[in-house]
file run22.txt (compact mmCIF, C-alpha atoms (C1' of nucleotides))
# COMPACT_ATOMS: atom_id res chain seq x y z
CA MET A 1 0.00 0.00 0.00
CA ALA A 2 2.95 2.25 -0.66
CA ARG A 3 1.60 5.74 -0.98
CA LYS A 4 2.95 6.98 -4.25
CA THR A 5 3.38 10.69 -4.67
CA ALA A 6 0.30 11.59 -6.65
CA MET A 7 1.43 12.52 -10.14
CA ARG A 8 -0.94 15.07 -11.62
CA ARG A 9 -2.03 14.24 -15.09
CA THR A 10 -3.43 17.69 -15.90
CA GLY A 11 -4.79 20.79 -14.15
CA CYS A 12 -8.34 20.05 -15.31
CA PRO A 13 -10.69 20.46 -12.32
CA ILE A 14 -12.54 17.26 -13.22
CA ASN A 15 -9.27 15.39 -13.39
CA PHE A 16 -8.37 16.85 -10.00
CA GLY A 17 -11.48 15.30 -8.53
CA LEU A 18 -10.98 11.97 -10.27
CA GLU A 19 -7.47 11.62 -8.92
CA ILE A 20 -9.00 11.72 -5.44
CA PHE A 21 -12.26 9.81 -5.88
CA GLY A 22 -12.03 8.26 -9.36
CA ASP A 23 -12.44 4.62 -8.43
CA ARG A 24 -15.11 2.11 -7.55
CA TRP A 25 -15.05 2.65 -3.77
CA THR A 26 -14.11 6.15 -2.64
CA LEU A 27 -17.43 7.82 -3.39
CA LEU A 28 -19.27 5.01 -1.60
CA ILE A 29 -17.21 5.72 1.50
CA LEU A 30 -17.99 9.41 1.14
CA ARG A 31 -21.67 8.57 0.67
CA ASP A 32 -21.61 6.79 4.02
CA LEU A 33 -19.69 9.60 5.74
CA LEU A 34 -21.62 12.48 4.17
CA LEU A 35 -25.14 11.18 3.66
CA GLN A 36 -25.46 8.34 6.16
CA ASN A 37 -23.58 9.92 9.05
CA LYS A 38 -21.28 6.97 9.54
CA ARG A 39 -18.16 7.64 11.57
CA ARG A 40 -16.25 4.44 12.37
CA PHE A 41 -14.28 1.87 10.42
CA GLN A 42 -16.71 -0.94 11.23
CA GLU A 43 -19.71 1.07 10.11
CA LEU A 44 -18.05 1.82 6.78
CA LEU A 45 -17.01 -1.80 6.45
CA ASN A 46 -20.57 -3.00 6.95
CA SER A 47 -21.99 -1.27 3.89
CA ASP A 48 -23.94 -3.49 1.54
CA GLU A 49 -21.38 -3.28 -1.25
CA GLY A 50 -18.87 -5.27 0.85
CA ILE A 51 -15.59 -3.38 0.70
CA ALA A 52 -12.49 -5.28 1.88
CA THR A 53 -10.62 -4.07 4.98
CA ASN A 54 -7.37 -3.35 3.13
CA ILE A 55 -9.13 -1.30 0.46
CA LEU A 56 -11.11 0.63 3.07
CA ALA A 57 -7.97 1.39 5.09
CA ASP A 58 -6.14 2.50 1.95
CA ARG A 59 -8.95 4.80 0.78
CA LEU A 60 -9.33 6.38 4.20
CA LYS A 61 -5.60 7.15 4.18
CA ARG A 62 -5.83 8.72 0.77
CA LEU A 63 -8.87 10.77 1.69
CA GLU A 64 -7.08 12.01 4.78
CA ALA A 65 -3.96 12.82 2.74
CA ALA A 66 -6.15 14.74 0.29
CA GLY A 67 -7.68 16.75 3.14
CA VAL A 68 -11.18 15.43 2.50
CA ILE A 69 -11.57 13.71 5.88
CA ASP A 70 -10.12 13.96 9.38
CA ARG A 71 -9.06 11.05 11.57
CA SER A 72 -9.21 11.15 15.36
CA SER A 73 -9.48 8.57 18.08
CA ASP A 74 -12.63 8.25 20.11
CA PRO A 75 -12.00 9.71 23.61
CA ALA A 76 -14.64 7.38 25.02
CA ASP A 77 -13.06 4.21 23.61
CA GLY A 78 -9.41 4.12 22.62
CA ARG A 79 -9.93 1.32 20.14
CA LYS A 80 -12.30 3.31 18.03
CA VAL A 81 -11.35 5.85 15.41
CA ILE A 82 -13.62 8.65 14.28
CA TYR A 83 -13.63 9.62 10.64
CA ARG A 84 -15.19 12.93 9.81
CA ALA A 85 -15.49 14.99 6.64
CA THR A 86 -13.60 18.29 6.51
CA GLU A 87 -15.15 21.36 4.87
CA LYS A 88 -13.51 20.22 1.67
CA GLY A 89 -15.26 16.90 2.11
CA VAL A 90 -18.61 18.42 3.01
CA ALA A 91 -18.37 20.38 -0.24
CA LEU A 92 -18.79 17.07 -2.07
CA VAL A 93 -22.40 16.71 -0.90
CA PRO A 94 -23.74 18.36 -4.10
CA VAL A 95 -21.64 15.99 -6.24
CA LEU A 96 -22.99 12.95 -4.40
CA LEU A 97 -26.57 14.16 -4.58
CA GLU A 98 -26.31 14.82 -8.32
CA ILE A 99 -24.97 11.32 -8.87
CA ALA A 100 -27.72 9.91 -6.67
CA ALA A 101 -30.37 11.86 -8.60
CA TRP A 102 -28.99 10.62 -11.92
CA GLY A 103 -28.81 7.04 -10.69
CA ALA A 104 -32.29 7.10 -9.21
CA THR A 105 -33.66 8.55 -12.44
CA HIS A 106 -32.01 6.09 -14.81
CA ASP A 107 -32.11 2.88 -12.80
CA ALA A 108 -35.46 1.16 -13.06
CA LYS A 109 -34.70 -0.94 -9.99
CA THR A 110 -33.26 1.76 -7.77
CA ASP A 111 -33.51 1.47 -4.01
CA ALA A 112 -33.81 5.23 -3.69
CA PRO A 113 -37.06 6.38 -2.03
CA ALA A 114 -39.66 7.41 -4.60
CA ASP A 115 -39.77 10.98 -3.35
CA PHE A 116 -36.02 11.61 -3.48
CA VAL A 117 -35.74 12.80 -7.08
CA PRO A 118 -38.88 15.00 -7.02
CA GLY A 119 -37.83 16.44 -3.67
CA PHE A 120 -34.32 17.14 -4.88
CA LYS A 121 -35.53 18.78 -8.09
CA ALA A 122 -38.08 20.87 -6.28
CA ASP A 123 -35.65 22.13 -3.65
CA ARG A 124 -32.06 21.38 -4.51
CA ALA A 125 -30.54 23.96 -2.22
CA GLY A 126 -32.73 22.83 0.67
CA THR A 127 -31.79 19.18 0.21
CA ILE A 128 -28.11 20.04 0.16
CA ALA A 129 -28.47 22.32 3.17
CA ALA A 130 -30.25 19.60 5.14
CA PHE A 131 -27.44 17.07 4.65
CA THR A 132 -24.73 19.66 5.20
CA ALA A 133 -26.27 20.98 8.42
CA ARG A 134 -26.58 17.48 9.82
CA LEU A 135 -22.84 16.98 9.33
CA ARG A 136 -21.89 20.13 11.16
CA ASP A 137 -24.22 19.45 14.08
CA ASP A 138 -22.88 16.26 15.54
CA MET B 1 -11.56 -7.17 -22.76
CA ALA B 2 -14.11 -9.81 -22.02
CA ARG B 3 -17.27 -8.00 -21.13
CA LYS B 4 -18.40 -9.60 -17.95
CA THR B 5 -22.08 -9.43 -17.16
CA ALA B 6 -22.18 -6.49 -14.81
CA MET B 7 -22.94 -7.84 -11.37
CA ARG B 8 -24.88 -5.28 -9.38
CA ARG B 9 -23.51 -4.77 -5.94
CA THR B 10 -26.55 -2.97 -4.56
CA GLY B 11 -29.51 -0.88 -5.72
CA CYS B 12 -28.03 2.30 -4.29
CA PRO B 13 -28.33 5.05 -6.92
CA ILE B 14 -24.78 6.22 -6.25
CA ASN B 15 -23.51 2.69 -6.68
CA PHE B 16 -25.47 2.48 -9.93
CA GLY B 17 -23.55 5.48 -11.23
CA LEU B 18 -20.20 4.20 -10.01
CA GLU B 19 -20.64 0.88 -11.77
CA ILE B 20 -20.84 2.86 -15.02
CA PHE B 21 -18.33 5.67 -14.47
CA GLY B 22 -16.49 4.74 -11.27
CA ASP B 23 -12.95 4.65 -12.61
CA ARG B 24 -10.09 6.94 -13.57
CA TRP B 25 -11.08 7.49 -17.21
CA THR B 26 -14.79 7.29 -17.95
CA LEU B 27 -15.74 10.72 -16.63
CA LEU B 28 -12.87 12.29 -18.55
CA ILE B 29 -14.27 10.78 -21.74
CA LEU B 30 -17.69 12.12 -20.83
CA ARG B 31 -16.16 15.51 -20.08
CA ASP B 32 -14.81 15.60 -23.62
CA LEU B 33 -18.08 14.41 -25.14
CA LEU B 34 -20.37 16.57 -23.03
CA LEU B 35 -18.42 19.72 -22.31
CA GLN B 36 -15.86 19.88 -25.12
CA ASN B 37 -18.06 18.67 -27.96
CA LYS B 38 -15.67 16.00 -29.08
CA ARG B 39 -17.11 13.30 -31.33
CA ARG B 40 -14.40 11.04 -32.73
CA PHE B 41 -12.03 8.42 -31.37
CA GLN B 42 -8.93 10.45 -32.28
CA GLU B 43 -10.24 13.57 -30.57
CA LEU B 44 -10.91 11.65 -27.38
CA LEU B 45 -7.52 9.99 -27.64
CA ASN B 46 -5.75 13.33 -27.90
CA SER B 47 -6.85 14.62 -24.51
CA ASP B 48 -4.06 15.85 -22.28
CA GLU B 49 -4.42 13.03 -19.77
CA GLY B 50 -3.16 10.52 -22.37
CA ILE B 51 -5.58 7.60 -22.34
CA ALA B 52 -4.42 4.41 -24.10
CA THR B 53 -6.28 3.17 -27.18
CA ASN B 54 -7.35 -0.12 -25.62
CA ILE B 55 -8.75 1.60 -22.54
CA LEU B 56 -10.58 4.18 -24.63
CA ALA B 57 -12.09 1.48 -26.86
CA ASP B 58 -13.15 -0.51 -23.81
CA ARG B 59 -14.77 2.46 -22.06
CA LEU B 60 -16.63 3.53 -25.18
CA LYS B 61 -18.05 0.01 -25.46
CA ARG B 62 -19.17 0.06 -21.86
CA LEU B 63 -20.73 3.49 -22.16
CA GLU B 64 -22.60 2.33 -25.25
CA ALA B 65 -23.73 -0.84 -23.47
CA ALA B 66 -24.94 1.31 -20.56
CA GLY B 67 -26.95 3.50 -22.95
CA VAL B 68 -24.96 6.63 -22.11
CA ILE B 69 -23.58 7.15 -25.62
CA ASP B 70 -24.47 6.22 -29.21
CA ARG B 71 -22.06 4.98 -31.84
CA SER B 72 -22.55 5.63 -35.55
CA SER B 73 -20.31 5.79 -38.54
CA ASP B 74 -19.65 9.08 -40.27
CA PRO B 75 -21.58 9.09 -43.58
CA ALA B 76 -18.98 11.48 -45.02
CA ASP B 77 -16.01 9.25 -44.18
CA GLY B 78 -16.42 5.54 -43.60
CA ARG B 79 -13.32 5.30 -41.45
CA LYS B 80 -14.63 7.69 -38.88
CA VAL B 81 -16.99 6.88 -36.07
CA ILE B 82 -19.22 9.40 -34.36
CA TYR B 83 -19.75 9.09 -30.63
CA ARG B 84 -22.60 11.08 -29.21
CA ALA B 85 -24.21 11.29 -25.78
CA THR B 86 -27.76 9.99 -25.42
CA GLU B 87 -30.29 11.80 -23.25
CA LYS B 88 -29.13 9.59 -20.40
CA GLY B 89 -25.60 10.82 -21.08
CA VAL B 90 -26.59 14.46 -21.42
CA ALA B 91 -28.19 14.13 -17.99
CA LEU B 92 -24.69 13.75 -16.56
CA VAL B 93 -23.81 17.38 -17.37
CA PRO B 94 -24.81 18.53 -13.86
CA VAL B 95 -22.65 15.82 -12.29
CA LEU B 96 -19.63 16.88 -14.36
CA LEU B 97 -20.14 20.55 -13.63
CA GLU B 98 -20.43 19.92 -9.89
CA ILE B 99 -17.19 17.95 -9.95
CA ALA B 100 -15.56 20.70 -11.98
CA ALA B 101 -16.76 23.36 -9.55
CA TRP B 102 -15.45 21.36 -6.59
CA GLY B 103 -12.11 20.76 -8.28
CA ALA B 104 -11.70 24.35 -9.36
CA THR B 105 -12.52 25.53 -5.83
CA HIS B 106 -10.16 23.19 -4.00
CA ASP B 107 -7.23 23.02 -6.40
CA ALA B 108 -4.90 25.99 -6.00
CA LYS B 109 -3.32 25.29 -9.37
CA THR B 110 -6.46 24.62 -11.36
CA ASP B 111 -6.55 25.30 -15.08
CA ALA B 112 -10.21 26.27 -14.87
CA PRO B 113 -10.91 29.84 -16.00
CA ALA B 114 -11.17 32.24 -13.06
CA ASP B 115 -14.77 33.09 -13.82
CA PHE B 116 -16.06 29.52 -14.01
CA VAL B 117 -16.88 28.98 -10.34
CA PRO B 118 -18.46 32.42 -9.77
CA GLY B 119 -20.43 32.07 -13.00
CA PHE B 120 -21.63 28.60 -12.10
CA LYS B 121 -22.67 29.62 -8.61
CA ALA B 122 -24.45 32.71 -9.83
CA ASP B 123 -26.40 30.88 -12.53
CA ARG B 124 -26.20 27.15 -12.17
CA ALA B 125 -29.27 26.39 -14.26
CA GLY B 126 -28.08 28.69 -17.00
CA THR B 127 -24.64 27.13 -17.14
CA ILE B 128 -26.14 23.65 -17.37
CA ALA B 129 -28.64 24.78 -20.01
CA ALA B 130 -25.87 26.30 -22.11
CA PHE B 131 -23.87 23.09 -22.25
CA THR B 132 -26.94 20.93 -22.75
CA ALA B 133 -28.31 23.06 -25.58
CA ARG B 134 -25.01 22.97 -27.41
CA LEU B 135 -25.14 19.16 -27.40
CA ARG B 136 -28.62 18.97 -28.87
CA ASP B 137 -27.87 21.51 -31.58
CA ASP B 138 -25.19 19.85 -33.61
C1' DA C 1 -6.28 -13.08 33.75
C1' DA C 2 -8.87 -14.41 29.85
C1' DT C 3 -11.62 -13.16 26.13
C1' DA C 4 -13.66 -9.97 22.83
C1' DT C 5 -13.52 -5.73 19.86
C1' DT C 6 -11.64 -2.52 16.87
C1' DA C 7 -8.75 -1.05 13.36
C1' DC C 8 -5.97 -2.22 10.90
C1' DT C 9 -1.52 -5.34 8.07
C1' DT C 10 0.25 -8.95 5.35
C1' DG C 11 0.34 -12.64 1.71
C1' DC C 12 -1.00 -14.13 -2.40
C1' DA C 13 -3.77 -15.31 -6.48
C1' DA C 14 -6.50 -13.06 -9.87
C1' DT C 15 -7.97 -9.22 -12.35
C1' DT C 16 -7.06 -4.90 -14.61
C1' DC C 17 -3.93 -1.35 -16.56
C1' DG C 18 -0.86 0.74 -19.70
C1' DC C 19 2.53 0.73 -23.18
C1' DA C 20 3.91 -0.87 -27.73
C1' DA C 21 2.75 -3.27 -31.89
C1' DG C 22 -0.12 -4.89 -35.23
C1' DC C 23 -4.12 -4.79 -38.37
C1' DA C 24 -8.31 -4.27 -41.29
C1' DA C 25 -11.16 -0.95 -43.47
C1' DC C 26 -11.39 3.13 -45.85
C1' DC C 27 -9.74 7.37 -48.13
C1' DT C 28 -6.34 10.16 -50.95
C1' DT C 29 -2.95 11.02 -54.30
C1' DA C 30 -0.62 10.16 -58.46
C1' DT D 1 -5.41 1.59 -60.14
C1' DA D 2 -1.65 1.00 -57.26
C1' DA D 3 0.78 3.00 -53.17
C1' DG D 4 0.58 5.17 -49.11
C1' DG D 5 -1.82 7.50 -45.27
C1' DT D 6 -5.62 7.71 -41.74
C1' DT D 7 -8.84 5.90 -38.54
C1' DG D 8 -10.47 2.91 -35.16
C1' DC D 9 -9.60 -0.40 -33.24
C1' DT D 10 -7.23 -5.50 -31.21
C1' DT D 11 -3.44 -8.24 -29.22
C1' DG D 12 0.55 -9.34 -26.10
C1' DC D 13 2.68 -8.87 -22.10
C1' DG D 14 4.88 -6.98 -17.86
C1' DA D 15 3.45 -4.12 -14.02
C1' DA D 16 0.26 -2.39 -10.87
C1' DT D 17 -4.04 -2.91 -8.36
C1' DT D 18 -7.77 -5.67 -6.30
C1' DG D 19 -10.00 -8.84 -3.29
C1' DC D 20 -10.15 -12.61 -0.18
C1' DA D 21 -8.30 -14.78 3.94
C1' DA D 22 -5.58 -14.76 7.70
C1' DG D 23 -2.99 -12.54 10.88
C1' DT D 24 -1.79 -8.76 14.69
C1' DA D 25 -1.49 -4.84 18.06
C1' DA D 26 -3.99 -1.98 21.09
C1' DT D 27 -7.63 -1.38 23.83
C1' DA D 28 -11.93 -2.74 26.51
C1' DT D 29 -14.89 -6.05 29.01
C1' DT D 30 -15.91 -9.91 32.24

call {"tool": "encode", "arguments": {"input": "run22.txt", "output": "structure tokens"}}
result
Amino acid sequence: MARKTAMRRTGCPINFGLEIFGDRWTLLILRDLLLQNKRRFQELLNSDEGIATNILADRLKRLEAAGVIDRSSDPADGRKVIYRATEKGVALVPVLLEIAAWGATHDAKTDAPADFVPGFKADRAGTIAAFTARLRDD
Amino acid sequence: MARKTAMRRTGCPINFGLEIFGDRWTLLILRDLLLQNKRRFQELLNSDEGIATNILADRLKRLEAAGVIDRSSDPADGRKVIYRATEKGVALVPVLLEIAAWGATHDAKTDAPADFVPGFKADRAGTIAAFTARLRDD
DNA sequence: AATATTACTTGCAATTCGCAAGCAACCTTA
DNA sequence: TAAGGTTGCTTGCGAATTGCAAGTAATATT
């Protein structure tokens, strides 16, 4: 899991994002951290998609290195680690919600609640604000 | 390049998206098709990030299989192939613009024009409409 | 003191990636 | 109409990444 010094391909802002979260797992971890309020390694591990422990550990390291999340140990239980999105991470909520809206719209068998897409379209800013506020509260 | 029958991990709408474009290259191809109006294999190949021909061919096949793009041959030149986003593909413009806005905001050395983020924030719907309209025109 | 939890590493086989070549179909030029 | 160039791919192969299983160290619980 040698952390290689991230070689930038280009200065394109989309490429910048992809070099951080352009893989099959990173945005799922951010989904759990940003939209599902998960905080610990075990919670992230237990997601339905079934990420492996080495991949999860690697992605959390990269996200921390990229300044998207913070890592701290739980003062109430020294074994536990708390992962938390930084402001830079919280700023990805709109990206995740747009992907979710696209997926829910174009997947006939989506698990998304029926009112998600209409609600998001009707009040995009409100939906984003609701998720964002929840992250800053706890 | 064996196309394996895409095994769904879950019905999560974000996972649905990631199974189509959750890798280092696919969204860059869509960037070129959706935001840069590229249409041919060579144009996509010439992007600054330097995608390999086998990867590009593979991703174009997957995008076509997913219904995100259409493939047709150029009536004016039988060697050339025209790749074009479907409605499902055009619907990814907001996703790409959100990623671009995030990248431009958080990358100190971004190549994005200085007025992109302010312009996008001031008139999100207008920015999306401008890109979308351009795709339907030609 | 013994056992369980939590957050990870480590090993290794299997898949995927990326570079370089090759190739078939089509167009252009002479 | 023959020769050469262009276009959109495919093929081979070494290197990197992934994913599963099995550890392990540092706490916490009983």

call {"tool": "interface_residues", "arguments": {"input": "run22.txt", "of": "chain A", "to": "chain D", "cutoff": "9 Å", "atoms": "all atoms listed in the file", "output": "list in words"}}
result
Ile51, Ala52, Asn54, Ile55, Asp77, Gly78, Arg79 and Lys80 of chain A

call {"tool": "calpha_fit_and_write", "arguments": {"input": "run22.txt", "fixed": "chain B", "moving": "chain A", "output": "JSON list (two decimals) with C-alpha atoms, in the coordinates of the input"}}
result
[["chain", "number", "residue", "atom", "x", "y", "z"],
["A", 1, "MET", "CA", -11.60, -7.19, -22.86],
["A", 2, "ALA", "CA", -14.26, -9.79, -22.23],
["A", 3, "ARG", "CA", -17.39, -7.93, -21.31],
["A", 4, "LYS", "CA", -18.48, -9.47, -18.07],
["A", 5, "THR", "CA", -22.14, -9.33, -17.22],
["A", 6, "ALA", "CA", -22.25, -6.42, -14.82],
["A", 7, "MET", "CA", -22.97, -7.82, -11.38],
["A", 8, "ARG", "CA", -24.87, -5.27, -9.33],
["A", 9, "ARG", "CA", -23.48, -4.79, -5.90],
["A", 10, "THR", "CA", -26.51, -2.95, -4.50],
["A", 11, "GLY", "CA", -29.49, -0.89, -5.67],
["A", 12, "CYS", "CA", -28.00, 2.31, -4.24],
["A", 13, "PRO", "CA", -28.31, 5.06, -6.88],
["A", 14, "ILE", "CA", -24.75, 6.23, -6.22],
["A", 15, "ASN", "CA", -23.49, 2.70, -6.65],
["A", 16, "PHE", "CA", -25.46, 2.50, -9.89],
["A", 17, "GLY", "CA", -23.55, 5.47, -11.21],
["A", 18, "LEU", "CA", -20.19, 4.21, -9.99],
["A", 19, "GLU", "CA", -20.63, 0.89, -11.74],
["A", 20, "ILE", "CA", -20.84, 2.85, -14.99],
["A", 21, "PHE", "CA", -18.33, 5.67, -14.46],
["A", 22, "GLY", "CA", -16.47, 4.74, -11.26],
["A", 23, "ASP", "CA", -12.95, 4.66, -12.61],
["A", 24, "ARG", "CA", -10.11, 6.96, -13.52],
["A", 25, "TRP", "CA", -11.07, 7.48, -17.18],
["A", 26, "THR", "CA", -14.78, 7.29, -17.94],
["A", 27, "LEU", "CA", -15.73, 10.71, -16.62],
["A", 28, "LEU", "CA", -12.86, 12.28, -18.56],
["A", 29, "ILE", "CA", -14.26, 10.78, -21.74],
["A", 30, "LEU", "CA", -17.69, 12.10, -20.82],
["A", 31, "ARG", "CA", -16.15, 15.50, -20.07],
["A", 32, "ASP", "CA", -14.80, 15.58, -23.61],
["A", 33, "LEU", "CA", -18.08, 14.39, -25.14],
["A", 34, "LEU", "CA", -20.37, 16.55, -23.01],
["A", 35, "LEU", "CA", -18.41, 19.71, -22.30],
["A", 36, "GLN", "CA", -15.86, 19.88, -25.11],
["A", 37, "ASN", "CA", -18.06, 18.67, -27.95],
["A", 38, "LYS", "CA", -15.64, 16.00, -29.06],
["A", 39, "ARG", "CA", -17.09, 13.32, -31.31],
["A", 40, "ARG", "CA", -14.39, 11.02, -32.73],
["A", 41, "PHE", "CA", -12.02, 8.42, -31.35],
["A", 42, "GLN", "CA", -8.92, 10.44, -32.26],
["A", 43, "GLU", "CA", -10.22, 13.56, -30.57],
["A", 44, "LEU", "CA", -10.89, 11.63, -27.37],
["A", 45, "LEU", "CA", -7.50, 9.97, -27.63],
["A", 46, "ASN", "CA", -5.74, 13.32, -27.90],
["A", 47, "SER", "CA", -6.84, 14.60, -24.50],
["A", 48, "ASP", "CA", -4.05, 15.84, -22.27],
["A", 49, "GLU", "CA", -4.41, 13.01, -19.77],
["A", 50, "GLY", "CA", -3.15, 10.50, -22.37],
["A", 51, "ILE", "CA", -5.57, 7.59, -22.32],
["A", 52, "ALA", "CA", -4.40, 4.39, -24.07],
["A", 53, "THR", "CA", -6.27, 3.16, -27.17],
["A", 54, "ASN", "CA", -7.35, -0.14, -25.60],
["A", 55, "ILE", "CA", -8.74, 1.58, -22.51],
["A", 56, "LEU", "CA", -10.56, 4.17, -24.61],
["A", 57, "ALA", "CA", -12.09, 1.49, -26.84],
["A", 58, "ASP", "CA", -13.16, -0.52, -23.80],
["A", 59, "ARG", "CA", -14.77, 2.46, -22.04],
["A", 60, "LEU", "CA", -16.62, 3.53, -25.16],
["A", 61, "LYS", "CA", -18.05, 0.01, -25.44],
["A", 62, "ARG", "CA", -19.16, 0.05, -21.85],
["A", 63, "LEU", "CA", -20.72, 3.48, -22.16],
["A", 64, "GLU", "CA", -22.60, 2.33, -25.23],
["A", 65, "ALA", "CA", -23.72, -0.85, -23.45],
["A", 66, "ALA", "CA", -24.93, 1.30, -20.55],
["A", 67, "GLY", "CA", -26.94, 3.49, -22.93],
["A", 68, "VAL", "CA", -24.95, 6.62, -22.10],
["A", 69, "ILE", "CA", -23.57, 7.15, -25.61],
["A", 70, "ASP", "CA", -24.47, 6.22, -29.18],
["A", 71, "ARG", "CA", -22.05, 4.98, -31.84],
["A", 72, "SER", "CA", -22.55, 5.63, -35.54],
["A", 73, "SER", "CA", -20.28, 5.82, -38.54],
["A", 74, "ASP", "CA", -19.62, 9.11, -40.24],
["A", 75, "PRO", "CA", -21.55, 9.18, -43.57],
["A", 76, "ALA", "CA", -18.95, 11.56, -44.98],
["A", 77, "ASP", "CA", -15.98, 9.31, -44.17],
["A", 78, "GLY", "CA", -16.44, 5.60, -43.60],
["A", 79, "ARG", "CA", -13.34, 5.33, -41.47],
["A", 80, "LYS", "CA", -14.62, 7.70, -38.88],
["A", 81, "VAL", "CA", -16.99, 6.86, -36.06],
["A", 82, "ILE", "CA", -19.19, 9.39, -34.34],
["A", 83, "TYR", "CA", -19.73, 9.10, -30.62],
["A", 84, "ARG", "CA", -22.59, 11.06, -29.20],
["A", 85, "ALA", "CA", -24.20, 11.29, -25.77],
["A", 86, "THR", "CA", -27.75, 9.97, -25.41],
["A", 87, "GLU", "CA", -30.29, 11.78, -23.23],
["A", 88, "LYS", "CA", -29.12, 9.58, -20.40],
["A", 89, "GLY", "CA", -25.61, 10.80, -21.08],
["A", 90, "VAL", "CA", -26.59, 14.44, -21.41],
["A", 91, "ALA", "CA", -28.19, 14.11, -17.98],
["A", 92, "LEU", "CA", -24.68, 13.74, -16.56],
["A", 93, "VAL", "CA", -23.81, 17.36, -17.38],
["A", 94, "PRO", "CA", -24.82, 18.53, -13.86],
["A", 95, "VAL", "CA", -22.65, 15.81, -12.29],
["A", 96, "LEU", "CA", -19.64, 16.87, -14.36],
["A", 97, "LEU", "CA", -20.16, 20.54, -13.64],
["A", 98, "GLU", "CA", -20.43, 19.92, -9.89],
["A", 99, "ILE", "CA", -17.19, 17.96, -9.95],
["A", 100, "ALA", "CA", -15.56, 20.70, -12.01],
["A", 101, "ALA", "CA", -16.78, 23.36, -9.57],
["A", 102, "TRP", "CA", -15.45, 21.38, -6.61],
["A", 103, "GLY", "CA", -12.12, 20.77, -8.31],
["A", 104, "ALA", "CA", -11.71, 24.38, -9.39],
["A", 105, "THR", "CA", -12.53, 25.54, -5.87],
["A", 106, "HIS", "CA", -10.16, 23.22, -4.03],
["A", 107, "ASP", "CA", -7.22, 23.04, -6.42],
["A", 108, "ALA", "CA", -4.91, 26.00, -6.04],
["A", 109, "LYS", "CA", -3.33, 25.30, -9.42],
["A", 110, "THR", "CA", -6.48, 24.63, -11.41],
["A", 111, "ASP", "CA", -6.57, 25.31, -15.12],
["A", 112, "ALA", "CA", -10.22, 26.26, -14.91],
["A", 113, "PRO", "CA", -10.95, 29.84, -16.05],
["A", 114, "ALA", "CA", -11.20, 32.23, -13.10],
["A", 115, "ASP", "CA", -14.81, 33.08, -13.85],
["A", 116, "PHE", "CA", -16.08, 29.50, -14.04],
["A", 117, "VAL", "CA", -16.90, 28.97, -10.37],
["A", 118, "PRO", "CA", -18.49, 32.41, -9.80],
["A", 119, "GLY", "CA", -20.46, 32.05, -13.03],
["A", 120, "PHE", "CA", -21.64, 28.58, -12.12],
["A", 121, "LYS", "CA", -22.67, 29.62, -8.61],
["A", 122, "ALA", "CA", -24.46, 32.69, -9.84],
["A", 123, "ASP", "CA", -26.42, 30.86, -12.53],
["A", 124, "ARG", "CA", -26.23, 27.12, -12.17],
["A", 125, "ALA", "CA", -29.28, 26.35, -14.25],
["A", 126, "GLY", "CA", -28.10, 28.68, -17.01],
["A", 127, "THR", "CA", -24.65, 27.09, -17.14],
["A", 128, "ILE", "CA", -26.15, 23.63, -17.37],
["A", 129, "ALA", "CA", -28.65, 24.75, -20.00],
["A", 130, "ALA", "CA", -25.89, 26.29, -22.11],
["A", 131, "PHE", "CA", -23.87, 23.06, -22.26],
["A", 132, "THR", "CA", -26.95, 20.91, -22.75],
["A", 133, "ALA", "CA", -28.32, 23.05, -25.58],
["A", 134, "ARG", "CA", -24.99, 22.95, -27.39],
["A", 135, "LEU", "CA", -25.12, 19.15, -27.37],
["A", 136, "ARG", "CA", -28.58, 18.98, -28.87],
["A", 137, "ASP", "CA", -27.82, 21.52, -31.58],
["A", 138, "ASP", "CA", -25.10, 19.87, -33.58]]

call {"tool": "atom_distance", "arguments": {"input": "run22.txt", "atom1": "atom CA of Asp137 of chain B", "atom2": "atom CA of Ile82 of chain B"}}
result
15.1 Å

call {"tool": "closest_atom_pairs", "arguments": {"input": "run22.txt", "of": "chain C", "to": "chain A", "cutoff": "9 Å", "atoms": "all atoms listed in the file", "output": "Markdown table"}}
result
| residue | atom | partner | partner_atom | distance |
| --- | --- | --- | --- | --- |
| C:DT5 | C1' | A:Arg79 | CA | 7.9 |
| C:DT6 | C1' | A:Arg79 | CA | 5.3 |
| C:DA7 | C1' | A:Phe41 | CA | 6.9 |
| C:DC8 | C1' | A:Ala57 | CA | 7.1 |
| C:DT9 | C1' | A:Asn54 | CA | 7.9 |

call {"tool": "axis_aligned_box", "arguments": {"input": "run22.txt", "around": "segment 11-26 of chain C", "padding_each_side": "6 Å", "output": "JSON"}}
result
{"center_x": -3.7, "center_y": -6.1, "center_z": -22.1, "size_x": 27.3, "size_y": 30.4, "size_z": 59.6}

call {"tool": "residues_around", "arguments": {"input": "run22.txt", "residues": "Ile20 of chain A", "least_positions_apart": "2", "cutoff": "8 Å", "atoms": "all atoms listed in the file", "output": "number ranges by chain"}}
result
A: 16-18, 22, 62-63, 66

call {"tool": "closest_residue", "arguments": {"input": "run22.txt", "among": "A:Trp102, A:Phe131, A:Phe120, A:Tyr83", "to": "chain B", "atoms": "only C-alpha atoms"}}
result
A:Trp102

call {"tool": "atom_distance", "arguments": {"input": "run22.txt", "atom1": "atom CA of Leu34 of chain B", "atom2": "atom CA of Val117 of chain B"}}
result
18.1 Å

call {"tool": "atom_distance", "arguments": {"input": "run22.txt", "atom1": "atom CA of Arg84 of chain A", "atom2": "atom CA of Val68 of chain A"}}
result
8.7 Å

call {"tool": "decode", "arguments": {"input": "run22.txt", "residues": "segment 118-125 of chain A", "atoms": "C-alpha atoms", "output": "tab-separated table (two decimals), in the first residue's frame"}}
result
chain	number	residue	atom	x	y	z
A	118	PRO	CA	-38.88	15.00	-7.02
A	119	GLY	CA	-37.83	16.44	-3.67
A	120	PHE	CA	-34.32	17.14	-4.88
A	121	LYS	CA	-35.53	18.78	-8.09
A	122	ALA	CA	-38.08	20.87	-6.28
A	123	ASP	CA	-35.65	22.13	-3.65
A	124	ARG	CA	-32.06	21.38	-4.51
A	125	ALA	CA	-30.54	23.96	-2.22
